[in-house]
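Note: the block below is coords-v3.cif and it holds mmCIF, C-alpha atoms.
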```cif
data_model
#
loop_
_atom_site.label_atom_id
_atom_site.label_comp_id
_atom_site.auth_asym_id
_atom_site.auth_seq_id
_atom_site.Cartn_x
_atom_site.Cartn_y
_atom_site.Cartn_z
CA MET A 1 0.00 0.00 0.00
CA ASN A 2 1.48 3.33 -1.13
CA SER A 3 -0.67 5.81 0.78
CA LYS A 4 0.47 6.98 4.20
CA ILE A 5 -2.48 6.18 6.42
CA PRO A 6 -2.24 6.25 10.23
CA ALA A 7 -1.75 2.78 11.68
CA THR A 8 -4.97 2.92 13.74
CA VAL A 9 -7.16 3.61 10.69
CA GLU A 10 -9.23 0.82 9.16
CA HIS A 11 -11.96 2.93 7.55
CA VAL A 12 -11.46 6.04 5.42
CA GLN A 13 -14.15 8.71 5.27
CA VAL A 14 -14.06 10.59 1.95
CA THR A 15 -15.77 13.88 2.75
CA TRP A 16 -17.37 16.68 0.78
CA THR A 17 -19.42 19.73 1.74
CA ASP A 18 -22.48 20.43 -0.38
CA LEU A 19 -23.92 23.74 -1.54
CA CYS A 20 -26.08 23.96 1.61
CA ASN A 21 -23.04 23.40 3.85
CA LEU A 22 -24.02 19.89 4.88
CA THR A 23 -20.90 17.77 5.22
CA ARG A 24 -21.42 14.34 3.67
CA ALA A 25 -19.13 11.36 3.17
CA ARG A 26 -18.62 7.91 1.70
CA MET A 27 -16.70 5.38 3.78
CA VAL A 28 -14.31 2.80 2.33
CA LEU A 29 -12.00 0.23 3.83
CA LYS A 30 -8.36 1.20 4.14
CA SER A 31 -7.44 -1.52 1.63
CA ARG A 32 -9.44 0.26 -1.10
CA PHE A 33 -7.99 3.72 -0.62
CA ASP A 34 -5.17 3.53 -3.16
CA ASP A 35 -7.65 2.48 -5.83
CA ILE A 36 -10.13 5.26 -5.17
CA LYS A 37 -7.33 7.81 -4.91
CA THR A 38 -6.55 6.95 -8.53
CA ASN A 39 -10.01 6.24 -9.90
CA GLY A 40 -12.35 8.02 -7.52
CA LEU A 41 -15.75 6.91 -6.26
CA SER A 42 -18.78 6.95 -8.55
CA VAL A 43 -21.45 9.33 -7.25
CA THR A 44 -24.69 10.42 -8.88
CA SER A 45 -24.39 13.79 -10.59
CA ALA A 46 -27.59 14.76 -8.76
CA ILE A 47 -25.65 14.80 -5.48
CA LEU A 48 -25.30 18.59 -5.27
CA SER A 49 -28.91 19.23 -6.27
CA PHE A 50 -30.28 18.05 -2.92
CA PRO A 51 -31.54 20.89 -0.68
CA MET A 52 -30.79 20.77 3.02
CA MET A 53 -34.44 20.04 3.94
CA TYR A 54 -34.72 16.58 2.33
CA ASP A 55 -33.01 14.08 0.03
CA GLY A 56 -34.57 14.79 -3.34
CA MET A 57 -33.65 16.76 -6.42
CA LEU A 58 -34.36 20.43 -6.95
CA PRO A 59 -36.66 21.32 -9.88
CA ASN A 60 -35.40 20.60 -13.41
CA GLU A 61 -32.42 18.58 -12.26
CA SER A 62 -31.52 15.28 -13.93
CA SER A 63 -31.35 11.89 -12.22
CA ALA A 64 -29.03 10.56 -14.94
CA GLY A 65 -25.23 10.75 -14.96
CA GLU A 66 -22.30 10.30 -12.61
CA VAL A 67 -19.29 12.21 -11.33
CA ARG A 68 -16.21 10.90 -9.55
CA LEU A 69 -15.31 11.78 -5.97
CA VAL A 70 -11.50 11.90 -5.86
CA PRO A 71 -9.87 12.06 -2.40
CA SER A 72 -6.83 14.09 -1.48
CA ALA A 73 -3.74 12.16 -0.41
CA THR A 74 -3.82 13.23 3.25
CA VAL A 75 -5.67 10.99 5.70
CA LYS A 76 -5.98 11.95 9.38
CA ALA A 77 -7.16 9.67 12.18
CA LEU A 78 -10.11 11.09 14.10
CA PRO A 79 -9.17 11.49 17.78
CA TRP A 80 -12.64 10.44 18.99
CA ALA A 81 -12.69 7.42 16.61
CA PRO A 82 -9.07 6.51 15.78
CA GLU A 83 -10.14 3.57 13.62
CA VAL A 84 -11.62 6.13 11.19
CA GLY A 85 -9.51 8.36 8.95
CA ILE A 86 -10.82 11.45 7.20
CA THR A 87 -9.82 12.92 3.87
CA PHE A 88 -11.39 15.57 1.64
CA GLY A 89 -12.62 14.89 -1.87
CA SER A 90 -13.22 16.92 -5.00
CA PHE A 91 -15.63 15.99 -7.76
CA SER A 92 -14.43 15.43 -11.31
CA ASP A 93 -16.51 15.18 -14.47
CA GLY A 94 -14.49 13.00 -16.82
CA ASP A 95 -10.95 14.31 -16.79
CA LYS A 96 -11.93 17.82 -15.62
CA PRO A 97 -12.97 19.34 -12.29
CA TRP A 98 -16.76 19.38 -12.03
CA ASN A 99 -18.03 22.93 -12.45
CA ARG A 100 -20.51 22.40 -9.58
CA CYS A 101 -17.91 21.27 -7.03
CA PRO A 102 -17.35 23.83 -4.25
CA ARG A 103 -13.85 22.54 -3.45
CA SER A 104 -12.82 22.77 -7.12
CA PHE A 105 -14.27 26.29 -7.23
CA LEU A 106 -11.95 27.36 -4.41
CA ALA A 107 -8.97 25.60 -6.01
CA ASN A 108 -9.62 27.55 -9.20
CA GLN A 109 -9.77 30.88 -7.37
CA ALA A 110 -6.58 30.03 -5.46
CA GLN A 111 -4.84 29.35 -8.76
CA LYS A 112 -5.90 32.78 -10.05
CA LEU A 113 -4.40 34.31 -6.92
CA GLN A 114 -1.10 32.55 -7.63
CA LEU A 115 -1.08 33.87 -11.19
CA GLU A 116 -1.03 37.38 -9.70
CA SER A 117 1.95 36.35 -7.50
CA LEU A 118 -0.19 37.01 -4.44
CA LYS A 119 -0.49 34.93 -1.28
CA LEU A 120 -3.39 34.89 1.13
CA THR A 121 -3.12 34.31 4.85
CA VAL A 122 -6.41 33.55 6.58
CA GLY A 123 -7.72 32.66 10.00
CA PHE A 124 -11.20 31.81 11.21
CA GLU A 125 -13.27 32.43 14.31
CA LEU A 126 -15.66 29.57 14.99
CA GLU A 127 -18.59 30.68 17.12
CA PHE A 128 -20.98 27.99 18.30
CA VAL A 129 -23.44 27.09 21.04
CA VAL A 130 -23.33 23.89 23.10
CA ASN A 131 -26.59 22.61 24.51
CA ASN A 132 -27.47 19.77 26.83
CA LEU A 133 -29.45 16.98 25.19
CA ASP A 134 -32.69 18.44 26.55
CA GLY A 135 -32.03 21.61 24.55
CA THR A 136 -30.99 23.81 27.46
CA PRO A 137 -27.68 25.68 27.11
CA LEU A 138 -24.59 24.14 28.66
CA ASP A 139 -24.05 27.20 30.86
CA GLN A 140 -25.22 30.77 31.30
CA THR A 141 -21.87 32.53 31.24
CA ILE A 142 -21.20 35.76 29.38
CA TYR A 143 -18.30 37.01 27.25
CA CYS A 144 -14.92 35.73 28.47
CA GLU A 145 -16.29 34.93 31.92
CA THR A 146 -13.85 32.64 33.74
CA LYS A 147 -16.76 30.60 35.09
CA SER A 148 -16.95 29.02 31.61
CA PHE A 149 -13.57 27.37 32.28
CA ARG A 150 -15.08 25.20 35.01
CA GLY A 151 -17.24 22.11 35.11
CA LYS A 152 -18.88 20.68 32.01
CA GLY A 153 -18.16 23.74 29.85
CA TRP A 154 -14.43 23.37 30.34
CA LYS A 155 -14.60 19.62 29.82
CA VAL A 156 -16.18 20.16 26.40
CA LEU A 157 -14.03 23.10 25.36
CA SER A 158 -10.71 21.57 26.45
CA LYS A 159 -11.52 18.26 24.73
CA ILE A 160 -12.31 20.10 21.50
CA VAL A 161 -9.04 22.04 21.63
CA GLU A 162 -7.04 18.90 22.37
CA SER A 163 -8.68 17.13 19.41
CA LEU A 164 -7.90 20.07 17.09
CA LYS A 165 -4.25 19.88 18.17
CA GLN A 166 -4.17 16.16 17.39
CA LEU A 167 -5.53 16.95 13.92
CA ASP A 168 -2.74 19.53 13.35
CA ILE A 169 -5.21 22.41 13.19
CA PRO A 170 -3.50 25.49 14.70
CA VAL A 171 -5.50 26.96 17.57
CA TRP A 172 -4.98 30.67 18.24
CA GLN A 173 -7.24 31.27 21.24
CA TYR A 174 -10.56 30.19 22.78
CA HIS A 175 -13.08 31.61 25.26
CA SER A 176 -16.75 31.89 26.12
CA GLU A 177 -18.92 34.21 24.04
CA SER A 178 -21.91 36.35 24.97
CA ALA A 179 -24.85 33.97 24.54
CA HIS A 180 -25.67 31.14 26.92
CA GLY A 181 -23.56 28.08 26.15
CA GLN A 182 -21.68 29.98 23.43
CA PHE A 183 -17.96 29.63 22.77
CA GLU A 184 -15.43 30.87 20.24
CA ILE A 185 -12.34 29.05 18.98
CA SER A 186 -9.99 30.85 16.60
CA ILE A 187 -7.93 28.73 14.22
CA GLY A 188 -5.03 29.59 11.93
CA PRO A 189 -3.20 31.32 10.48
CA PHE A 190 -3.16 29.36 7.24
CA VAL A 191 -0.48 30.77 4.94
CA ASP A 192 -0.72 30.53 1.14
CA SER A 193 -3.05 27.53 1.20
CA PRO A 194 -6.73 28.46 0.81
CA LEU A 195 -7.71 24.84 0.20
CA LEU A 196 -6.02 23.67 3.41
CA ALA A 197 -7.68 26.55 5.24
CA ALA A 198 -11.17 25.58 4.07
CA ASP A 199 -10.55 21.87 4.70
CA SER A 200 -9.40 22.75 8.21
CA LEU A 201 -12.50 24.84 8.85
CA VAL A 202 -14.74 21.95 7.79
CA LEU A 203 -12.75 19.54 9.95
CA ALA A 204 -12.83 21.92 12.93
CA ARG A 205 -16.62 22.16 12.71
CA GLN A 206 -16.90 18.37 12.50
CA THR A 207 -14.61 18.09 15.51
CA ILE A 208 -16.81 20.41 17.56
CA TYR A 209 -19.95 18.47 16.63
CA SER A 210 -18.34 15.10 17.34
CA VAL A 211 -16.63 15.94 20.63
CA ALA A 212 -19.81 17.52 21.99
CA ASP A 213 -21.71 14.38 20.97
CA THR A 214 -19.27 12.05 22.70
CA LEU A 215 -19.67 14.09 25.91
CA GLY A 216 -23.46 13.95 25.88
CA CYS A 217 -24.07 17.42 24.44
CA GLN A 218 -25.15 18.95 21.14
CA ALA A 219 -23.20 21.69 19.35
CA THR A 220 -24.79 24.02 16.83
CA PHE A 221 -23.51 26.67 14.43
CA LEU A 222 -26.99 28.07 13.89
CA PRO A 223 -26.61 31.84 13.39
CA LYS A 224 -29.31 32.88 15.87
CA PRO A 225 -30.29 30.16 18.35
CA TYR A 226 -31.81 32.63 20.84
CA PRO A 227 -33.78 35.70 19.68
CA MET A 228 -32.58 38.00 22.46
CA GLN A 229 -28.95 36.84 22.69
CA ALA A 230 -25.85 37.18 20.55
CA GLY A 231 -25.71 35.19 17.34
CA SER A 232 -22.92 32.98 16.03
CA ALA A 233 -20.78 34.15 13.11
CA ALA A 234 -17.93 32.81 10.98
CA HIS A 235 -15.50 35.74 10.95
CA THR A 236 -12.60 35.46 8.51
CA HIS A 237 -9.29 37.30 8.97
CA VAL A 238 -7.43 38.05 5.74
CA SER A 239 -4.05 39.47 4.84
CA LEU A 240 -2.31 39.65 1.47
CA THR A 241 1.37 39.27 0.69
CA HIS A 242 3.52 39.63 -2.40
CA GLY A 243 6.69 37.62 -1.99
CA ASN A 244 7.31 37.89 1.74
CA GLU A 245 5.90 41.41 2.08
CA ASN A 246 2.54 42.21 3.61
CA VAL A 247 0.92 44.53 1.04
CA MET A 248 -2.24 45.46 2.91
CA SER A 249 -0.97 49.05 3.29
CA LYS A 250 -0.04 49.29 -0.40
CA PRO A 251 -2.30 50.10 -3.38
CA ILE A 252 -2.70 46.45 -4.38
CA GLY A 253 -3.79 45.52 -0.86
CA HIS A 254 -6.20 48.44 -0.75
CA SER A 255 -7.71 47.40 -4.09
CA PHE A 256 -8.12 43.81 -2.94
CA LEU A 257 -9.91 44.96 0.21
CA ALA A 258 -11.99 47.42 -1.79
CA GLY A 259 -13.10 44.61 -4.11
CA VAL A 260 -14.41 42.59 -1.17
CA HIS A 261 -16.17 45.68 0.18
CA HIS A 262 -17.66 46.52 -3.21
CA HIS A 263 -19.19 43.10 -3.87
CA LEU A 264 -20.16 42.12 -0.31
CA PRO A 265 -23.87 43.11 -0.53
CA ASP A 266 -24.37 40.76 -3.50
CA LEU A 267 -22.81 37.74 -1.78
CA LEU A 268 -25.20 37.14 1.12
CA PRO A 269 -26.79 33.93 -0.25
CA ILE A 270 -23.29 32.42 -0.06
CA LEU A 271 -22.27 33.94 3.28
CA ASN A 272 -25.72 33.85 4.94
CA PRO A 273 -27.58 31.05 3.18
CA THR A 274 -30.40 30.23 5.62
CA LEU A 275 -33.53 32.03 6.74
CA ASN A 276 -32.18 32.06 10.30
CA SER A 277 -29.07 33.90 9.06
CA TYR A 278 -31.10 37.09 8.72
CA ASP A 279 -32.28 36.93 12.32
CA ARG A 280 -28.60 37.47 13.18
CA LEU A 281 -27.99 40.28 10.66
CA GLN A 282 -29.39 43.10 12.77
CA ALA A 283 -28.11 46.60 13.49
CA HIS A 284 -26.51 47.32 16.89
CA CYS A 285 -25.57 43.61 17.28
CA TRP A 286 -21.95 43.69 16.00
CA ALA A 287 -23.03 41.76 12.92
CA GLY A 288 -22.03 44.50 10.45
CA VAL A 289 -25.13 45.13 8.33
CA TYR A 290 -24.14 48.36 6.57
CA GLN A 291 -21.70 48.38 3.65
CA CYS A 292 -18.66 50.05 5.18
CA ILE A 293 -15.17 49.58 6.58
CA GLY A 294 -13.74 50.89 9.83
CA THR A 295 -10.65 50.53 12.00
CA GLU A 296 -11.53 48.29 14.95
CA ASN A 297 -15.20 49.09 14.36
CA LYS A 298 -17.27 46.14 15.56
CA GLU A 299 -20.33 47.44 13.71
CA ALA A 300 -18.55 47.46 10.33
CA PRO A 301 -18.83 44.28 8.24
CA ILE A 302 -15.16 44.76 7.35
CA ARG A 303 -13.00 45.60 10.35
CA LEU A 304 -9.54 47.01 9.65
CA ILE A 305 -6.82 45.77 12.00
CA LYS A 306 -3.48 47.56 12.34
CA GLY A 307 -0.12 46.01 13.16
CA PRO A 308 2.34 47.01 15.90
CA LYS A 309 3.79 49.78 13.70
CA GLY A 310 0.42 51.30 12.92
CA GLY A 311 -0.03 50.19 9.30
CA LEU A 312 -2.92 48.06 8.05
CA GLU A 313 -1.98 44.45 8.77
CA ARG A 314 -5.15 42.52 7.97
CA PHE A 315 -8.90 42.84 7.78
CA GLU A 316 -11.76 40.85 9.26
CA ILE A 317 -14.92 40.01 7.32
CA LYS A 318 -17.73 39.68 9.84
CA THR A 319 -20.68 38.97 7.56
CA ALA A 320 -20.67 35.19 7.13
CA ASP A 321 -22.08 32.66 9.58
CA GLY A 322 -21.47 28.99 10.26
CA THR A 323 -24.12 27.79 7.80
CA SER A 324 -21.96 29.05 4.89
CA ASN A 325 -19.96 26.61 2.77
CA PRO A 326 -16.26 27.35 3.53
CA TYR A 327 -15.11 26.63 -0.04
CA LEU A 328 -17.67 28.95 -1.62
CA MET A 329 -17.13 31.57 1.09
CA LEU A 330 -13.35 31.75 0.79
CA GLY A 331 -13.45 31.37 -3.00
CA ILE A 332 -15.84 34.28 -3.45
CA TYR A 333 -13.74 36.46 -1.13
CA ILE A 334 -10.70 35.78 -3.32
CA ALA A 335 -12.66 36.44 -6.51
CA ALA A 336 -14.03 39.72 -5.15
CA GLY A 337 -10.58 40.83 -4.00
CA LEU A 338 -8.99 40.00 -7.35
CA ASP A 339 -11.74 41.89 -9.15
CA GLY A 340 -10.84 44.89 -7.01
CA VAL A 341 -7.18 44.51 -8.01
CA LYS A 342 -8.06 44.16 -11.69
CA SER A 343 -10.39 47.17 -11.59
CA LYS A 344 -8.05 49.21 -9.36
CA PHE A 345 -10.81 49.94 -6.85
CA ASN A 346 -10.09 52.60 -4.24
CA LEU A 347 -10.87 52.18 -0.56
CA PRO A 348 -13.97 54.02 0.62
CA SER A 349 -13.77 56.43 3.53
CA GLU A 350 -13.82 54.73 6.91
CA ILE A 351 -16.82 54.85 9.22
CA ASN A 352 -15.75 54.54 12.82
CA VAL A 353 -19.09 54.84 14.57
CA ASP A 354 -22.13 52.58 14.54
CA PRO A 355 -23.51 53.34 11.03
CA ALA A 356 -27.08 52.92 12.29
CA THR A 357 -26.62 55.98 14.52
CA LEU A 358 -25.82 58.28 11.59
CA PRO A 359 -28.50 60.49 10.05
CA GLU A 360 -30.36 58.42 7.45
CA SER A 361 -28.95 60.47 4.57
CA GLU A 362 -25.38 59.70 5.71
CA ARG A 363 -25.74 55.97 6.29
CA PRO A 364 -24.09 53.54 3.88
CA LEU A 365 -26.09 50.86 2.09
CA LEU A 366 -28.04 48.54 4.40
CA PHE A 367 -27.58 44.87 3.51
CA SER A 368 -30.61 42.82 2.52
CA THR A 369 -32.68 41.94 5.57
CA THR A 370 -34.25 38.74 4.20
CA LEU A 371 -33.00 35.78 2.20
CA THR A 372 -35.56 36.61 -0.50
CA ALA A 373 -34.16 40.12 -1.02
CA ALA A 374 -30.58 38.87 -0.84
CA LEU A 375 -31.29 36.22 -3.46
CA GLU A 376 -32.68 38.80 -5.89
CA LYS A 377 -29.48 40.88 -5.64
CA PHE A 378 -27.36 37.74 -5.99
CA LYS A 379 -29.10 36.65 -9.20
CA LYS A 380 -28.79 40.11 -10.76
CA SER A 381 -25.05 40.51 -10.06
CA GLU A 382 -22.85 40.39 -13.15
CA PHE A 383 -19.86 39.67 -10.93
CA VAL A 384 -21.60 36.65 -9.37
CA LEU A 385 -22.56 35.35 -12.82
CA ASN A 386 -19.03 35.75 -14.17
CA THR A 387 -17.51 34.13 -11.09
CA PHE A 388 -19.76 31.09 -10.66
CA GLY A 389 -21.02 30.64 -14.21
CA SER A 390 -24.71 30.32 -15.06
CA ASP A 391 -25.05 26.63 -14.13
CA LEU A 392 -23.63 26.86 -10.60
CA LEU A 393 -25.32 30.21 -9.93
CA GLU A 394 -28.69 28.78 -10.93
CA LEU A 395 -28.21 25.67 -8.79
CA ILE A 396 -27.27 27.71 -5.70
CA ALA A 397 -30.23 30.03 -6.27
CA LYS A 398 -32.67 27.11 -6.67
CA GLY A 399 -31.49 25.65 -3.37
CA ARG A 400 -31.99 28.92 -1.52
CA GLN A 401 -35.41 29.42 -3.11
CA ALA A 402 -36.46 25.91 -2.09
CA GLU A 403 -35.77 26.80 1.55
CA ILE A 404 -37.76 30.01 1.22
CA ASP A 405 -40.71 28.13 -0.32
CA ILE A 406 -40.85 25.19 2.08
CA PHE A 407 -40.78 27.42 5.18
CA GLU A 408 -43.13 30.08 3.79
CA GLN A 409 -45.83 29.38 6.41
CA SER A 410 -43.44 28.58 9.28
CA THR A 411 -42.66 30.76 12.27
CA PRO A 412 -39.06 31.76 13.10
CA GLU A 413 -39.18 29.33 16.04
CA GLN A 414 -40.30 26.45 13.80
CA ILE A 415 -37.56 27.28 11.30
CA LYS A 416 -34.99 27.38 14.08
CA GLU A 417 -36.05 24.01 15.48
CA PHE A 418 -35.71 22.40 12.05
CA LEU A 419 -32.35 24.01 11.28
CA LEU A 420 -30.96 22.83 14.63
CA LYS A 421 -31.17 19.30 13.16
CA ARG A 422 -28.88 20.32 10.28
CA TYR A 423 -26.47 22.91 11.68
#
```

Hey, can you dump this file as structure tokens for me?
Amino acid sequence: MNSKIPATVEHVQVTWTDLCNLTRARMVLKSRFDDIKTNGLSVTSAILSFPMMYDGMLPNESSAGEVRLVPSATVKALPWAPEVGITFGSFSDGDKPWNRCPRSFLANQAQKLQLESLKLTVGFELEFVVNNLDGTPLDQTIYCETKSFRGKGWKVLSKIVESLKQLDIPVWQYHSESAHGQFEISIGPFVDSPLLAADSLVLARQTIYSVADTLGCQATFLPKPYPMQAGSAAHTHVSLTHGNENVMSKPIGHSFLAGVHHHLPDLLPILNPTLNSYDRLQAHCWAGVYQCIGTENKEAPIRLIKGPKGGLERFEIKTADGTSNPYLMLGIYIAAGLDGVKSKFNLPSEINVDPATLPESERPLLFSTTLTAALEKFKKSEFVLNTFGSDLLELIAKGRQAEIDIFEQSTPEQIKEFLLKRY
């Protein structure tokens, strides 16, 4: 056997994340892995046309055809189930990457970044809530309260961090967040490897789910589990280098950042794909719902962060939540930034107050407040069309519309209870 697979592993989980951010997998015996690494696994080409509500095709999708799920070479043993190894797969259509595959989409955007001799460094903040099995929150601590480092909360959090370390996922810091049972774990930085970064984010989320489960709890990345408490986001920290030089304070860095800022309002169905996402996107809640940038401004969707010498070191995109697909999310950030570089966009003026407190005539654009409105902007965007192509854009849009339609008569509480089963 040629592949380097940990000695404890007998089963290999070939994993992919669909357009609704459900992580799915096929399992094979270790003895088959070399074969599927070469030839892939046959999967129905309808696989990415399933919405998150049920297993069934979206309208006007075909049940005929196959694609191949081809695993990456790296297999890691799962700390909570060492007999199982995990690897990440990409879909191919014949001898080409499948145009519907989120992981291939990110790989393509990363290649475009390389062609510009640019390197991206990213880090992620994973915010999540841990509940007891009866649905009550694990604790009632508030932001960074040391009480969260005691008892069951600490048992869960420390076990998650230890598992991330065993999986070689760099952990930056971790603490309790504002909502009951809510925690944040920051991972990274991931240097010049967007695909590794997204794979690691998927694996970190799976680790949090699995460790909580083994300890008799339930973790959720639902954006707004409690109406009157803080929501859970998926903040992404980004810096850009050329060679070994951080260029965030240079024109090319400014243009990259300006591109993300310019296109952000059109990207919400990727970054905030569920109905519950828009319960989180509220003014005065540090979610960043107005199109602006600001230095250390928690109410700006793009927060500028300076280095020790005072220059712009990186920026944080606060818009996305944990129901977003990491490959689509990071890929569209890269595409937006590169469009800013190509078009030589200039940075807008900073806003360093809560934009909602400004006179109405001075406020920047308010992001869409519903998935329906966000989807209309998404479908009309020429940038989105050029980036995804008509086929993938249409498939994403059909999936979002299916969620809107099926929950049309449901209350926010009913929607939340259903989504807790998925996210």

A:Asp405, A:Asp139, A:Glu83, A:Glu61 ranked by distance to Trp154 of chain A, top pick (using all atoms listed in the file): A:Asp139

Nearest to Val341 of chain A, chosen from A:Leu113, A:Leu366, A:Ala46, A:Ile187, with only C-alpha atoms counted in the distances: A:Leu113

Ground truth for the PyMOL selection byres ((chain A and resi 197-202) around 8), written as a ChimeraX atom specification: /A:17,23,88,122-124,169,188,190,193-196,203-206,326-327,330

For the selection just defined, write its residues with C-alpha atoms to a file, as a tab-separated table (two decimals), in the frame of the given file.
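Result file is again-v5.tsv:
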```tsv
chain	number	residue	atom	x	y	z
A	17	THR	CA	-19.42	19.73	1.74
A	23	THR	CA	-20.90	17.77	5.22
A	88	PHE	CA	-11.39	15.57	1.64
A	122	VAL	CA	-6.41	33.55	6.58
A	123	GLY	CA	-7.72	32.66	10.00
A	124	PHE	CA	-11.20	31.81	11.21
A	169	ILE	CA	-5.21	22.41	13.19
A	188	GLY	CA	-5.03	29.59	11.93
A	190	PHE	CA	-3.16	29.36	7.24
A	193	SER	CA	-3.05	27.53	1.20
A	194	PRO	CA	-6.73	28.46	0.81
A	195	LEU	CA	-7.71	24.84	0.20
A	196	LEU	CA	-6.02	23.67	3.41
A	203	LEU	CA	-12.75	19.54	9.95
A	204	ALA	CA	-12.83	21.92	12.93
A	205	ARG	CA	-16.62	22.16	12.71
A	206	GLN	CA	-16.90	18.37	12.50
A	326	PRO	CA	-16.26	27.35	3.53
A	327	TYR	CA	-15.11	26.63	-0.04
A	330	LEU	CA	-13.35	31.75	0.79
```

If we count only C-alpha atoms, what is near Val353 of chain A at a cut-off of 8 Å, once residues fewer than 4 positions away on the same chain are taken out, given as a PDB file with C-alpha atoms, in the frame of the given file?
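Result saved to selection33.pdb:
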```
ATOM      1  CA  ASN A 297     -15.200  49.090  14.360  1.00  0.00           C
ATOM      2  CA  GLU A 299     -20.330  47.440  13.710  1.00  0.00           C
ATOM      3  CA  THR A 357     -26.620  55.980  14.520  1.00  0.00           C
TER       4      THR A 357
END
```

Expected selection from the PyMOL selection byres ((chain A and resi 355) around 12), given as a ChimeraX atom specification: /A:282-294,297-301,350-354,356-366

Result set of the PyMOL selection byres ((chain A and resi 28) around 6) on the coordinates above, as a PyMOL selection string: chain A and resi 11-12+27+29

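Between Thr141 of chain A and the candidates A:Gly181, A:Pro223, A:Pro102, A:Gly89, the tightest atom-to-atom separation, counting all atoms listed in the file, involves A:Gly181.
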
Sorted by chain and rising residue number, which residues of segment 91-198 of chain A lie within 9 Å of segment 388-395 of chain A, and what are their closest atom pairs and distances in Å to one decimal, counting all atoms listed in the file, as a tab-separated table?
```
residue	atom	partner	partner_atom	distance
A:Asn99	CA	A:Leu392	CA	7.1
A:Arg100	CA	A:Leu392	CA	5.5
A:Cys101	CA	A:Leu392	CA	8.8
A:Phe105	CA	A:Phe388	CA	8.1
```

So that I have them on file, write out the residues from the current selection with C-alpha atoms, as a PDB file, in the coordinates of the input.
```
ATOM      1  CA  ASN A  99     -18.030  22.930 -12.450  1.00  0.00           C
ATOM      2  CA  ARG A 100     -20.510  22.400  -9.580  1.00  0.00           C
ATOM      3  CA  CYS A 101     -17.910  21.270  -7.030  1.00  0.00           C
ATOM      4  CA  PHE A 105     -14.270  26.290  -7.230  1.00  0.00           C
TER       5      PHE A 105
END
```

Shell around Val130 of chain A at 7 Å using all atoms listed in the file, local window under 5 positions removed, as a list in words: Pro137, Leu138, Gly181, Gln182, Cys217, Gln218, Ala219 and Thr220 of chain A

Give me a file of those residues, with C-alpha atoms, as a PDB file, keeping the file's coordinate frame.
```pdb
ATOM      1  CA  PRO A 137     -27.680  25.680  27.110  1.00  0.00           C
ATOM      2  CA  LEU A 138     -24.590  24.140  28.660  1.00  0.00           C
ATOM      3  CA  GLY A 181     -23.560  28.080  26.150  1.00  0.00           C
ATOM      4  CA  GLN A 182     -21.680  29.980  23.430  1.00  0.00           C
ATOM      5  CA  CYS A 217     -24.070  17.420  24.440  1.00  0.00           C
ATOM      6  CA  GLN A 218     -25.150  18.950  21.140  1.00  0.00           C
ATOM      7  CA  ALA A 219     -23.200  21.690  19.350  1.00  0.00           C
ATOM      8  CA  THR A 220     -24.790  24.020  16.830  1.00  0.00           C
TER       9      THR A 220
END
```

Neighbour list for Ile47 of chain A as number ranges by chain, cut-off 12 Å, all atoms listed in the file, skip fewer than 5 positions in-chain: A: 16-20, 22, 24-25, 42, 52, 55-58, 61-69, 91, 98, 100-101, 395

Residues near segment 374-387 of chain A, anyone? I mean within 10 Å using all atoms listed in the file, not counting same-chain ones fewer than 2 positions away, as a short mmCIF file (atom, residue, chain, number, x, y, z; two decimals) with C-alpha atoms, in the frame of the given file.
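File part-v5.cif, as written:
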```
data_model
loop_
_atom_site.label_atom_id
_atom_site.label_comp_id
_atom_site.auth_asym_id
_atom_site.auth_seq_id
_atom_site.Cartn_x
_atom_site.Cartn_y
_atom_site.Cartn_z
CA PHE A 105 -14.27 26.29 -7.23
CA GLN A 109 -9.77 30.88 -7.37
CA HIS A 263 -19.19 43.10 -3.87
CA PRO A 265 -23.87 43.11 -0.53
CA ASP A 266 -24.37 40.76 -3.50
CA LEU A 267 -22.81 37.74 -1.78
CA LEU A 268 -25.20 37.14 1.12
CA PRO A 269 -26.79 33.93 -0.25
CA ILE A 270 -23.29 32.42 -0.06
CA ASN A 272 -25.72 33.85 4.94
CA PRO A 273 -27.58 31.05 3.18
CA TYR A 278 -31.10 37.09 8.72
CA GLY A 331 -13.45 31.37 -3.00
CA ILE A 332 -15.84 34.28 -3.45
CA ALA A 335 -12.66 36.44 -6.51
CA ALA A 336 -14.03 39.72 -5.15
CA ASP A 339 -11.74 41.89 -9.15
CA PHE A 367 -27.58 44.87 3.51
CA SER A 368 -30.61 42.82 2.52
CA THR A 369 -32.68 41.94 5.57
CA THR A 370 -34.25 38.74 4.20
CA LEU A 371 -33.00 35.78 2.20
CA THR A 372 -35.56 36.61 -0.50
CA GLY A 389 -21.02 30.64 -14.21
CA SER A 390 -24.71 30.32 -15.06
CA ASP A 391 -25.05 26.63 -14.13
CA LEU A 392 -23.63 26.86 -10.60
CA LEU A 393 -25.32 30.21 -9.93
CA GLU A 394 -28.69 28.78 -10.93
CA ILE A 396 -27.27 27.71 -5.70
CA ALA A 397 -30.23 30.03 -6.27
CA LYS A 398 -32.67 27.11 -6.67
CA ARG A 400 -31.99 28.92 -1.52
CA GLN A 401 -35.41 29.42 -3.11
#
```

Output, as AutoDock Vina command-line options, the centre and edge lengths in Å (one decimal) of the axis-aligned box that contains all listed atoms of segment 5-17 of chain A with 6 Å of margin on each side.
```
--center_x -10.6 --center_y 10.3 --center_z 7.3 --size_x 29.7 --size_y 30.9 --size_z 25.0
```
